[in-house]
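Down below is the structure, laid out as structure tokens.
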Amino acid sequence: MTLNPKLTQLLNEQINNEMSSSYVYLAMAGWFERTPYTGFAKWMFAQSSEETTHALKFYQYLVDRDAKVELQPIAQPKMDYDSVVDAFEYSLKQEEKVTQQINDLYEVAEQVKDHASKNLLLWFLNEQMEEEKTVRDMLDRLKLAGNDTASLLVLDREAGNRPGAGGGPSTGGRP
């Protein structure tokens with residue numbers, strides 16, 4: 001079955017959305033690398049890697065459906081944040097934006113009765129629920145910690161130990 005042209009276009013756009021999201025998280029990792037919070041840097045680096053994996057999943061889906069892959073430019077992400085909370089609030093907005101994009105894609109897949117695409121998109125919708133919850137939970141804990149340095153360092157350590165946060169960026173020579 002040939003992929004619907006409108007759905008093909010939107011799936012290509014979603015590759016860009018996921019790569020843009022990866023770029024946002026990579027920029028956040030870079031910002032955290034300039035702070036004492038190397039655990040948060042690893043967390044954001046892992047998020048970046050995960051978003052790239054999502055983009056590649058859409059890429060492979062288009063290839064498997066014999067559709068044309070059309071990559072688009074990626075905008076420069078925000079590079080600086082006012083605080084740890086500010087970065088995580090931005091992260092939550094980013095995840096909510098991606099969730100809406102996936103919801104919109106699902107609606108189009110339903111309209112064109114492409115059940116294979118709906119199946120792929122259901123996986124992403126479940127993934128997005130998990131992503132939003134993970135960020136929201138950390139954000140809630142960060143807000144509770146406030147400006148308490150000891151609490152922030154505990155959360156930073158936990159973030160660096162989060163599954164998937166290993167193998168992150170260099171810690172700038174820091175232990």
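Residues in the structure tokens are numbered from 1 in each chain, the chains being A, B, ... in the order shown, and ligands are numbered from 1 in the order shown.
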Which residues are close to Trp43 of chain A, i.e. within 12 Å by only C-alpha atoms, leaving aside same-chain residues fewer than 6 positions away? Reply as JSON, numbers by chain. {"A": [25, 26, 28, 29, 30, 32, 33, 37, 49, 50, 87, 88, 91, 134, 135, 138, 155, 156, 157, 158, 159, 160, 161, 162, 163, 164, 165, 166, 167, 168, 169]}
Env of Leu105 of chain A: 8 Å cut, atoms = only C-alpha atoms, seq-sep filter 4 positions within chain, self excluded. Answer as a PyMOL selection string. chain A and resi 7+10-11+101+109+121
Take the selection from the previous step and output its residues with all heavy atoms, as an mmCIF file, in the first residue's frame.
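Produced file out-v1.cif, reproduced below:
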data_model
loop_
_atom_site.group_PDB
_atom_site.id
_atom_site.type_symbol
_atom_site.label_atom_id
_atom_site.label_comp_id
_atom_site.auth_asym_id
_atom_site.auth_seq_id
_atom_site.Cartn_x
_atom_site.Cartn_y
_atom_site.Cartn_z
ATOM 1 N N LEU A 7 0.287 12.324 4.398
ATOM 2 C CA LEU A 7 0.899 11.639 5.532
ATOM 3 C C LEU A 7 2.414 11.537 5.338
ATOM 4 O O LEU A 7 3.181 11.715 6.285
ATOM 5 C CB LEU A 7 0.261 10.261 5.713
ATOM 6 C CG LEU A 7 0.573 9.526 7.000
ATOM 7 C CD1 LEU A 7 0.240 10.373 8.234
ATOM 8 C CD2 LEU A 7 -0.191 8.214 7.060
ATOM 9 N N LEU A 10 3.882 14.857 6.285
ATOM 10 C CA LEU A 10 3.853 15.069 7.732
ATOM 11 C C LEU A 10 4.867 14.174 8.456
ATOM 12 O O LEU A 10 5.471 14.596 9.445
ATOM 13 C CB LEU A 10 2.454 14.850 8.274
ATOM 14 C CG LEU A 10 1.412 15.879 7.827
ATOM 15 C CD1 LEU A 10 0.015 15.470 8.283
ATOM 16 C CD2 LEU A 10 1.771 17.272 8.322
ATOM 17 N N LEU A 11 5.051 12.956 7.973
ATOM 18 C CA LEU A 11 6.062 12.076 8.581
ATOM 19 C C LEU A 11 7.462 12.625 8.349
ATOM 20 O O LEU A 11 8.321 12.553 9.234
ATOM 21 C CB LEU A 11 5.919 10.654 8.042
ATOM 22 C CG LEU A 11 4.684 9.903 8.529
ATOM 23 C CD1 LEU A 11 4.459 8.635 7.700
ATOM 24 C CD2 LEU A 11 4.794 9.568 10.009
ATOM 25 N N GLN A 101 2.231 17.178 18.071
ATOM 26 C CA GLN A 101 2.591 16.855 16.688
ATOM 27 C C GLN A 101 2.226 15.404 16.354
ATOM 28 O O GLN A 101 1.697 15.123 15.275
ATOM 29 C CB GLN A 101 4.086 17.094 16.466
ATOM 30 C CG GLN A 101 4.470 18.555 16.533
ATOM 31 C CD GLN A 101 5.959 18.780 16.716
ATOM 32 O OE1 GLN A 101 6.701 17.897 17.141
ATOM 33 N NE2 GLN A 101 6.414 19.992 16.396
ATOM 34 N N ALA A 109 -3.571 10.030 9.915
ATOM 35 C CA ALA A 109 -3.529 8.591 9.620
ATOM 36 C C ALA A 109 -4.933 7.985 9.731
ATOM 37 O O ALA A 109 -5.305 7.123 8.922
ATOM 38 C CB ALA A 109 -2.553 7.882 10.558
ATOM 39 N N LEU A 121 2.260 5.271 15.235
ATOM 40 C CA LEU A 121 2.007 6.487 15.997
ATOM 41 C C LEU A 121 1.500 6.203 17.404
ATOM 42 O O LEU A 121 1.779 6.973 18.322
ATOM 43 C CB LEU A 121 1.065 7.404 15.223
ATOM 44 C CG LEU A 121 1.664 7.918 13.905
ATOM 45 C CD1 LEU A 121 0.585 8.540 13.030
ATOM 46 C CD2 LEU A 121 2.808 8.881 14.163
#
Thr8 of chain A: which residues within 12 Å, counting only C-alpha atoms, same-chain residues fewer than 4 positions away excluded, as a PyMOL selection string? chain A and resi 2-4+12-15+58-59+61-63+65-71+105+108-109+112+114+117
Produce a table with one row for each residue of segment 7-99 of chain A that has an atom at most 10 Å from any atom of segment 146-152 of chain A, each row naming the nearest atom pair and its distance in Å at one decimal; use only C-alpha atoms; arrange rows by chain and rising residue number; format as a tab-separated table.
residue	atom	partner	partner_atom	distance
A:Tyr37	CA	A:Leu152	CA	8.5
A:Ser83	CA	A:Asn147	CA	9.8
A:Val84	CA	A:Leu152	CA	8.8
A:Val85	CA	A:Gly146	CA	8.6
As a ChimeraX atom specification, please: every residue in chain A that DSSP puts in helix (DSSP H, G or I). /A:5-33,38-64,84-111,115-145,149-161
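When only C-alpha atoms are used to compute distances to Leu120 of chain A, the closest of the residues A:Lys78, A:His54, A:Lys97, A:Arg34 turns out to be A:His54.
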